[in-house]
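Structure below is protein.cif: mmCIF, C-alpha atoms.
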```
data_model
loop_
_atom_site.label_atom_id
_atom_site.label_comp_id
_atom_site.auth_asym_id
_atom_site.auth_seq_id
_atom_site.Cartn_x
_atom_site.Cartn_y
_atom_site.Cartn_z
CA MET C 1452 -19.20 27.78 -70.15
CA PRO C 1453 -19.90 31.44 -71.08
CA ALA C 1454 -19.33 34.08 -68.46
CA PRO C 1455 -22.46 35.33 -66.70
CA ARG C 1456 -23.92 38.62 -67.88
CA PRO C 1457 -22.85 41.58 -65.77
CA VAL C 1458 -25.40 42.77 -63.26
CA ARG C 1459 -26.22 46.42 -63.68
CA ASP C 1460 -26.74 48.62 -60.70
CA GLY C 1461 -30.36 49.36 -60.29
CA PRO C 1462 -32.19 51.67 -57.97
CA GLY C 1463 -32.11 50.34 -54.43
CA ARG C 1464 -29.53 47.61 -55.26
CA LYS C 1465 -26.33 47.48 -53.16
CA ARG C 1466 -23.13 45.92 -54.49
CA GLN C 1467 -21.53 43.41 -52.07
CA ALA C 1468 -17.92 44.22 -51.22
CA VAL C 1469 -15.44 41.43 -52.14
CA PRO C 1470 -12.60 40.99 -49.59
CA PRO C 1471 -9.10 41.33 -50.99
CA LEU C 1472 -6.98 38.20 -51.60
CA ASN C 1473 -4.19 37.34 -49.18
CA ASP C 1474 -0.64 36.48 -50.23
CA GLN C 1475 -1.25 32.72 -50.29
CA GLU C 1476 -4.33 33.04 -52.48
CA VAL C 1477 -2.46 35.36 -54.87
CA ALA C 1478 0.43 32.84 -55.10
CA ILE C 1479 -1.98 29.96 -55.76
CA GLY C 1480 -3.62 31.97 -58.54
CA GLU C 1481 -0.28 32.74 -60.15
CA VAL C 1482 0.72 29.07 -60.12
CA GLN C 1483 -2.62 28.01 -61.57
CA THR C 1484 -2.21 30.45 -64.45
CA LEU C 1485 1.14 28.95 -65.53
CA PRO C 1486 1.12 27.07 -68.82
CA THR C 1487 0.58 23.31 -68.46
CA HIS C 1488 3.04 22.35 -71.21
CA GLY C 1489 6.14 20.77 -69.70
CA LYS C 1490 5.04 21.32 -66.08
CA LEU C 1491 5.61 17.68 -65.03
CA GLN C 1492 8.70 17.06 -67.08
CA LEU C 1493 12.11 17.03 -65.38
CA GLY C 1494 14.90 19.05 -66.78
CA VAL C 1495 17.72 17.41 -68.66
CA SER C 1496 20.66 16.49 -66.36
CA SER C 1497 24.09 15.38 -67.48
CA THR C 1498 24.48 13.17 -64.37
CA GLY C 1499 21.03 11.59 -64.58
CA HIS C 1500 19.92 13.39 -61.40
CA SER C 1501 22.37 11.31 -59.34
CA GLY C 1502 22.74 14.09 -56.79
CA MET C 1503 19.01 14.08 -56.13
CA LYS C 1504 19.00 10.31 -55.79
CA GLU C 1505 21.91 10.45 -53.36
CA MET C 1506 20.08 13.13 -51.39
CA LEU C 1507 16.96 10.95 -51.21
CA ILE C 1508 19.02 7.93 -50.11
CA ALA C 1509 20.79 10.03 -47.46
CA ARG C 1510 17.48 11.36 -46.17
CA LYS C 1511 16.08 7.85 -45.96
CA ALA C 1512 19.17 6.68 -44.09
CA ARG C 1513 18.93 9.58 -41.61
CA HIS C 1514 15.22 8.85 -41.23
CA GLU C 1515 15.83 5.18 -40.43
CA ASP C 1516 18.76 6.03 -38.14
CA ALA C 1517 16.57 8.45 -36.18
CA ILE C 1518 13.88 5.79 -35.72
CA GLU C 1519 16.48 3.18 -34.74
CA ALA C 1520 18.04 5.59 -32.23
CA TYR C 1521 14.58 6.27 -30.76
CA LYS C 1522 13.94 2.55 -30.38
CA LYS C 1523 17.29 2.07 -28.63
CA ARG C 1524 16.63 4.97 -26.24
CA ASN C 1525 13.12 3.64 -25.67
CA GLY C 1526 14.51 0.17 -24.88
CA THR C 1527 17.04 1.62 -22.44
CA MET C 1528 14.29 3.66 -20.84
CA GLU C 1529 12.07 0.59 -20.50
CA VAL C 1530 14.88 -1.34 -18.79
CA GLU C 1531 15.48 1.55 -16.37
CA LEU C 1532 11.78 1.93 -15.56
CA GLU C 1533 11.31 -1.81 -15.08
CA ALA C 1534 14.31 -1.82 -12.72
CA ARG C 1535 12.75 1.04 -10.73
CA THR C 1536 9.43 -0.78 -10.60
CA ALA C 1537 11.17 -3.91 -9.35
CA HIS C 1538 13.02 -1.86 -6.71
CA VAL C 1539 9.75 -0.33 -5.50
CA ALA C 1540 8.16 -3.80 -5.33
CA ARG C 1541 11.12 -5.27 -3.39
CA SER C 1542 11.11 -2.39 -0.91
CA PHE C 1543 7.37 -2.81 -0.36
CA LYS C 1544 7.77 -6.57 0.10
CA GLN C 1545 10.49 -6.02 2.70
CA LEU C 1546 8.26 -3.59 4.59
CA MET C 1547 5.43 -6.13 4.56
CA GLY C 1548 7.79 -8.80 5.88
CA LEU C 1549 8.93 -6.53 8.72
CA ASN C 1550 5.32 -5.71 9.52
CA ASP C 1551 4.35 -9.40 9.66
CA ALA C 1552 7.31 -10.15 11.94
CA GLU C 1553 6.37 -7.25 14.23
CA LEU C 1554 2.77 -8.45 14.49
CA ARG C 1555 3.91 -11.99 15.30
CA THR C 1556 6.18 -10.63 18.04
CA MET C 1557 3.32 -8.63 19.53
CA PHE C 1558 1.07 -11.68 19.67
CA ASP C 1559 3.91 -13.80 21.07
CA GLU C 1560 4.04 -11.33 23.96
CA LEU C 1561 0.37 -12.20 24.64
CA ALA C 1562 1.12 -15.89 25.22
CA ASP C 1563 -0.32 -17.58 28.31
CA ASP C 1564 2.94 -17.45 30.23
CA PHE C 1565 3.17 -13.67 29.82
CA LEU C 1566 -0.56 -13.02 29.76
CA LEU C 1567 -1.09 -14.19 33.33
CA GLN C 1568 1.30 -11.55 34.63
CA MET C 1569 -0.31 -8.66 32.73
CA GLU C 1570 -2.97 -6.26 33.87
CA LEU C 1571 -6.04 -5.28 31.85
CA SER C 1572 -4.51 -1.93 30.89
CA GLU C 1573 -1.47 -3.73 29.49
CA VAL C 1574 -3.64 -6.05 27.39
CA GLU C 1575 -5.59 -3.09 26.01
CA GLY C 1576 -2.32 -1.27 25.35
CA ALA C 1577 -1.17 -4.27 23.29
CA TRP C 1578 -4.16 -3.79 20.96
CA THR C 1579 -3.28 -0.09 20.61
CA ARG C 1580 0.21 -1.04 19.42
CA ILE C 1581 -1.19 -3.71 17.08
CA PHE C 1582 -3.66 -1.20 15.59
CA GLU C 1583 -0.87 1.34 15.03
CA GLU C 1584 1.16 -1.32 13.21
CA LEU C 1585 -1.84 -2.19 11.02
CA THR C 1586 -2.38 1.51 10.25
CA ARG C 1587 1.28 1.81 9.29
CA ARG C 1588 0.82 -1.18 7.00
CA SER C 1589 -2.13 0.52 5.26
CA SER C 1590 -0.08 3.68 4.76
CA TRP C 1591 2.67 1.60 3.13
CA VAL C 1592 0.11 0.21 0.67
CA ASP C 1593 -0.97 3.77 -0.19
CA GLN C 1594 2.66 4.82 -0.65
CA PHE C 1595 3.26 1.78 -2.86
CA GLU C 1596 0.38 2.91 -5.08
CA LYS C 1597 1.87 6.42 -5.32
CA ASP C 1598 5.31 5.04 -6.20
CA LEU C 1599 3.90 2.89 -9.01
CA ALA C 1600 1.86 5.81 -10.34
CA LYS C 1601 4.99 7.99 -10.22
CA VAL C 1602 6.95 5.48 -12.31
CA GLU C 1603 4.18 5.35 -14.93
CA GLY C 1604 3.94 9.15 -14.94
CA GLU C 1605 7.66 9.40 -15.57
CA ARG C 1606 7.31 6.82 -18.33
CA ARG C 1607 4.71 9.01 -20.02
CA GLU C 1608 6.83 12.16 -19.69
CA MET C 1609 10.01 10.46 -20.94
CA VAL C 1610 8.26 8.88 -23.93
CA GLU C 1611 6.57 12.19 -24.74
CA ALA C 1612 9.95 13.94 -24.74
CA GLU C 1613 11.51 11.21 -26.91
CA LEU C 1614 8.62 11.29 -29.39
CA THR C 1615 8.82 15.08 -29.62
CA LYS C 1616 12.55 14.83 -30.28
CA LEU C 1617 11.96 12.09 -32.88
CA LEU C 1618 9.29 14.11 -34.66
CA GLU C 1619 11.51 17.19 -34.83
CA THR C 1620 14.38 15.10 -36.22
CA LEU C 1621 12.17 13.44 -38.84
CA VAL C 1622 10.63 16.73 -39.90
CA ALA C 1623 14.12 18.21 -40.28
CA THR C 1624 15.18 15.14 -42.31
CA ALA C 1625 12.13 15.57 -44.59
CA HIS C 1626 12.12 12.00 -45.89
CA LEU C 1627 8.34 11.80 -45.43
CA LEU C 1628 5.65 14.43 -45.47
CA PRO C 1629 4.50 15.89 -42.12
CA PRO C 1630 1.10 14.09 -42.21
CA GLN C 1631 2.88 10.75 -42.66
CA LEU C 1632 5.27 11.58 -39.83
CA GLU C 1633 2.38 12.52 -37.57
CA ARG C 1634 0.68 9.20 -38.27
CA LEU C 1635 3.95 7.41 -37.52
CA VAL C 1636 4.33 9.18 -34.18
CA GLU C 1637 0.65 8.61 -33.39
CA GLY C 1638 1.20 4.88 -33.84
CA GLU C 1639 4.12 4.91 -31.42
CA THR C 1640 2.08 6.97 -28.96
CA HIS C 1641 -0.77 4.48 -29.20
CA GLN C 1642 1.58 1.60 -28.35
CA VAL C 1643 2.94 3.47 -25.32
CA ASN C 1644 -0.58 4.33 -24.15
CA LEU C 1645 -1.56 0.67 -24.41
CA LEU C 1646 1.49 -0.28 -22.33
CA ILE C 1647 0.71 2.34 -19.66
CA LEU C 1648 -2.94 1.26 -19.51
CA SER C 1649 -1.92 -2.38 -19.20
CA ASN C 1650 0.51 -1.55 -16.38
CA ARG C 1651 -2.08 0.54 -14.57
CA GLU C 1652 -4.62 -2.28 -14.86
CA ALA C 1653 -2.13 -4.73 -13.39
CA HIS C 1654 -1.24 -2.27 -10.61
CA ALA C 1655 -4.92 -1.67 -9.83
CA ASP C 1656 -5.56 -5.42 -9.58
CA LEU C 1657 -2.51 -5.88 -7.33
CA LEU C 1658 -3.47 -2.98 -5.04
CA ALA C 1659 -7.07 -4.22 -4.82
CA ARG C 1660 -5.84 -7.63 -3.65
CA LEU C 1661 -3.42 -5.99 -1.20
CA ARG C 1662 -6.19 -3.89 0.32
CA ILE C 1663 -8.47 -6.93 0.60
CA ASP C 1664 -5.68 -8.82 2.36
CA ASP C 1665 -5.13 -5.78 4.59
CA VAL C 1666 -8.79 -5.76 5.66
CA LYS C 1667 -8.70 -9.52 6.29
CA LEU C 1668 -5.52 -9.18 8.34
CA HIS C 1669 -7.04 -6.34 10.37
CA LYS C 1670 -10.09 -8.49 11.11
CA LYS C 1671 -7.95 -11.52 12.00
CA CYS C 1672 -5.73 -9.49 14.34
CA ARG C 1673 -8.79 -8.07 16.07
CA GLU C 1674 -10.28 -11.55 16.53
CA ASP C 1675 -6.95 -12.94 17.77
CA TRP C 1676 -6.59 -10.08 20.25
CA GLU C 1677 -10.15 -10.58 21.51
CA ALA C 1678 -9.34 -14.28 21.95
CA ARG C 1679 -6.24 -13.30 23.94
CA LEU C 1680 -8.36 -10.94 26.06
CA ALA C 1681 -10.84 -13.75 26.76
CA ALA C 1682 -7.92 -16.03 27.61
CA TRP C 1683 -6.58 -13.37 29.97
CA ARG C 1684 -9.93 -13.18 31.76
CA LEU C 1685 -10.11 -16.98 32.04
CA LEU C 1686 -6.52 -17.23 33.23
CA ARG C 1687 -7.01 -14.53 35.84
CA HIS C 1688 -10.29 -16.15 36.95
CA ASN C 1689 -8.72 -19.60 37.31
CA HIS C 1690 -5.65 -18.09 38.96
CA ALA C 1691 -7.83 -16.27 41.48
CA LEU C 1692 -9.73 -19.49 42.30
CA LYS C 1693 -6.50 -21.45 42.60
CA THR C 1694 -4.97 -18.81 44.82
CA PHE C 1695 -8.05 -18.75 47.06
CA LYS C 1696 -8.16 -22.54 47.34
CA SER C 1697 -4.47 -22.65 48.14
CA TYR C 1698 -4.95 -20.04 50.81
CA ALA C 1699 -8.08 -21.75 52.17
CA HIS C 1700 -6.20 -25.05 52.55
CA SER C 1701 -3.01 -23.49 53.77
CA PRO C 1702 -1.80 -24.06 57.38
CA GLU C 1703 -2.45 -20.43 58.13
CA VAL C 1704 -6.18 -20.95 57.58
CA VAL C 1705 -6.55 -24.62 58.61
CA ALA C 1706 -4.37 -24.40 61.72
CA PRO C 1707 -3.39 -20.82 62.43
CA LYS C 1708 -0.78 -20.10 65.10
CA ALA C 1709 -3.20 -18.19 67.31
CA GLN C 1710 -5.53 -21.19 67.27
CA GLN C 1711 -2.71 -23.49 68.24
CA THR C 1712 -1.71 -21.16 71.08
CA LEU C 1713 -5.31 -20.96 72.29
CA LEU C 1714 -5.72 -24.73 72.16
CA GLU C 1715 -2.47 -25.19 74.07
CA GLU C 1716 -3.58 -22.74 76.74
CA LEU C 1717 -7.00 -24.42 76.92
CA GLY C 1718 -5.36 -27.84 77.28
CA ALA C 1719 -3.07 -26.57 80.00
CA SER C 1720 -6.03 -25.01 81.83
CA GLN C 1721 -8.01 -28.23 81.58
CA ALA C 1722 -5.02 -30.16 82.85
CA ARG C 1723 -4.71 -27.89 85.88
CA PHE C 1724 -8.45 -28.15 86.54
CA HIS C 1725 -8.22 -31.94 86.27
CA GLU C 1726 -5.37 -32.00 88.78
CA ARG C 1727 -7.41 -29.90 91.20
CA ARG C 1728 -10.38 -32.19 90.80
CA VAL C 1729 -8.28 -35.30 91.36
CA SER C 1730 -6.74 -33.67 94.42
CA MET C 1731 -10.15 -32.84 95.80
CA LEU C 1732 -11.36 -36.38 95.17
CA ASP C 1733 -8.33 -37.74 96.96
CA GLU C 1734 -9.08 -35.56 99.98
CA LEU C 1735 -12.77 -36.56 100.20
CA PRO C 1736 -12.13 -39.89 102.03
CA ASN C 1737 -10.12 -38.09 104.70
CA ILE C 1738 -12.93 -35.75 105.51
CA LYS C 1739 -14.70 -36.89 108.72
CA PRO C 1740 -17.13 -35.29 111.11
CA PRO C 1741 -17.17 -32.71 112.46
CA MET C 1742 -15.40 -31.44 109.26
CA LEU C 1743 -17.87 -33.20 107.04
CA SER C 1744 -21.01 -31.23 106.49
#
```

Take the structure I supplied and represent it as structure tokens, if you would.
Amino acid sequence: MPAPRPVRDGPGRKRQAVPPLNDQEVAIGEVQTLPTHGKLQLGVSSTGHSGMKEMLIARKARHEDAIEAYKKRNGTMEVELEARTAHVARSFKQLMGLNDAELRTMFDELADDFLLQMELSEVEGAWTRIFEELTRRSSWVDQFEKDLAKVEGERREMVEAELTKLLETLVATAHLLPPQLERLVEGETHQVNLLILSNREAHADLLARLRIDDVKLHKKCREDWEARLAAWRLLRHNHALKTFKSYAHSPEVVAPKAQQTLLEELGASQARFHERRVSMLDELPNIKPPMLS
């Protein structure tokens, strides 16, 4: 294609300034101006380029060793994180067991044998202690969620550090080009992200069920305590009636000592009056005139 005709400067026409080329553009231009003959042909080597082949084999071996070392470190890390997750789960399960045992003990203290001897303030105080234990249980669920999130956060940080170290090692080895290495690391990152998302989904499902159970337990404990309060009222009511009936039929009420003393005194007085009357009746036949009037 012929070169375009030069544009002459005319009146009123301004020439546009062309920015200077940078070093990279100058280098590219110099390479492009090299002759094409023999550009893709390798030089003659007496050893058949064995040194280059050995270098490529060594780079490939270091590349594969770096990936294998990363997988081993990643496996060790997974075992450590799984052990920490299991430890967190066991600790939480033990706390839940202690909480269940404490709640059972509190309700055992509200049995009928003990309930009858308690006052209303003591029964209400029992609910305060039960509510505090339920609140403590909810806080343990929240702490369990934080512990699981902490383990997954540490997983992300540890894998990120290992992938960064792997990428630096592979780039220094130079077995593959940087774009290929980036795609390789992106694939590993994708697998780790899928694992973290799967774990978080499982944790979210577990925590949702724990919180539902916590709400149900709170409701059940409230209903059981209200039943114990109603039982306390009934027991105190029946106990009051029983106590009154026992008192009403007791000797103190049926035959009090003062009544017995009064009846004895009345009987003695009647006996004395009867004796006087009999004496007077005995004297009546002996009464004759002029004493009889």

A straight line from CA of Leu1561 (chain C) to CA of Ala1682 (chain C) spans 9.6 Å

Which protein, DNA or RNA residues have an atom at most 12 Å from (6.1, 7.9, -27.1), counting all atoms listed in the file? List them as a JSON list (two decimals) with C-alpha atoms, in the frame of the given file.
```json
[["chain", "number", "residue", "atom", "x", "y", "z"],
["C", 1518, "ILE", "CA", 13.88, 5.79, -35.72],
["C", 1521, "TYR", "CA", 14.58, 6.27, -30.76],
["C", 1522, "LYS", "CA", 13.94, 2.55, -30.38],
["C", 1524, "ARG", "CA", 16.63, 4.97, -26.24],
["C", 1525, "ASN", "CA", 13.12, 3.64, -25.67],
["C", 1526, "GLY", "CA", 14.51, 0.17, -24.88],
["C", 1528, "MET", "CA", 14.29, 3.66, -20.84],
["C", 1529, "GLU", "CA", 12.07, 0.59, -20.50],
["C", 1605, "GLU", "CA", 7.66, 9.40, -15.57],
["C", 1606, "ARG", "CA", 7.31, 6.82, -18.33],
["C", 1607, "ARG", "CA", 4.71, 9.01, -20.02],
["C", 1608, "GLU", "CA", 6.83, 12.16, -19.69],
["C", 1609, "MET", "CA", 10.01, 10.46, -20.94],
["C", 1610, "VAL", "CA", 8.26, 8.88, -23.93],
["C", 1611, "GLU", "CA", 6.57, 12.19, -24.74],
["C", 1612, "ALA", "CA", 9.95, 13.94, -24.74],
["C", 1613, "GLU", "CA", 11.51, 11.21, -26.91],
["C", 1614, "LEU", "CA", 8.62, 11.29, -29.39],
["C", 1615, "THR", "CA", 8.82, 15.08, -29.62],
["C", 1616, "LYS", "CA", 12.55, 14.83, -30.28],
["C", 1617, "LEU", "CA", 11.96, 12.09, -32.88],
["C", 1618, "LEU", "CA", 9.29, 14.11, -34.66],
["C", 1635, "LEU", "CA", 3.95, 7.41, -37.52],
["C", 1636, "VAL", "CA", 4.33, 9.18, -34.18],
["C", 1637, "GLU", "CA", 0.65, 8.61, -33.39],
["C", 1638, "GLY", "CA", 1.20, 4.88, -33.84],
["C", 1639, "GLU", "CA", 4.12, 4.91, -31.42],
["C", 1640, "THR", "CA", 2.08, 6.97, -28.96],
["C", 1641, "HIS", "CA", -0.77, 4.48, -29.20],
["C", 1642, "GLN", "CA", 1.58, 1.60, -28.35],
["C", 1643, "VAL", "CA", 2.94, 3.47, -25.32],
["C", 1644, "ASN", "CA", -0.58, 4.33, -24.15],
["C", 1645, "LEU", "CA", -1.56, 0.67, -24.41],
["C", 1646, "LEU", "CA", 1.49, -0.28, -22.33],
["C", 1647, "ILE", "CA", 0.71, 2.34, -19.66]]
```

Nearest to Asn1650 (chain C): which of C:Leu1532, C:Ala1678, C:Leu1668, C:Leu1546 is it, counting only C-alpha atoms? C:Leu1532

Residue members of the PyMOL selection byres ((chain C and resi 1661) around 12) in the file shown, as a list of chain:residue names: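 What the PyMOL selection byres ((chain C and resi 1661) around 12) grabs from the file is C:Phe1543, C:Lys1544, C:Met1547, C:Arg1588, C:Ser1589, C:Ser1590, C:Trp1591, C:Val1592, C:Asp1593, C:Phe1595, C:Glu1596, C:His1654, C:Ala1655, C:Asp1656, C:Leu1657, C:Leu1658, C:Ala1659, C:Arg1660, C:Arg1662, C:Ile1663, C:Asp1664, C:Asp1665, C:Val1666, C:Lys1667, C:Leu1668.
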
For a test of reading the model, state the distance in Å between CA of Val1539 (chain C) and CA of Thr1586 (chain C), rounded to one decimal.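 Pair CA of Val1539 (chain C) / CA of Thr1586 (chain C) returns 20.0 Å.
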
Residues returned when the PyMOL selection byres ((chain C and resi 1681) around 12) runs on this file, as a PyMOL selection string: chain C and resi 1561+1563+1566-1567+1571+1574-1575+1674-1680+1682-1688

Could you tell me which of C:Glu1515, C:Pro1471, C:Gln1721, C:Ile1738 comes closest to His1626 (chain C) if we count all atoms listed in the file? C:Glu1515

In Å, rounded to a single decimal, give me how far CA of Pro1629 (chain C) is from CA of Glu1476 (chain C).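 Spanning CA of Glu1476 (chain C) to CA of Pro1629 (chain C) is a straight-line distance of 21.9 Å.
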
Selected residue of minimal separation from Thr1556 (chain C) among C:Arg1580, C:Ala1709, C:Arg1510, C:Ser1720, counting only C-alpha atoms: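 Smallest separation from Thr1556 (chain C) among the options: C:Arg1580.
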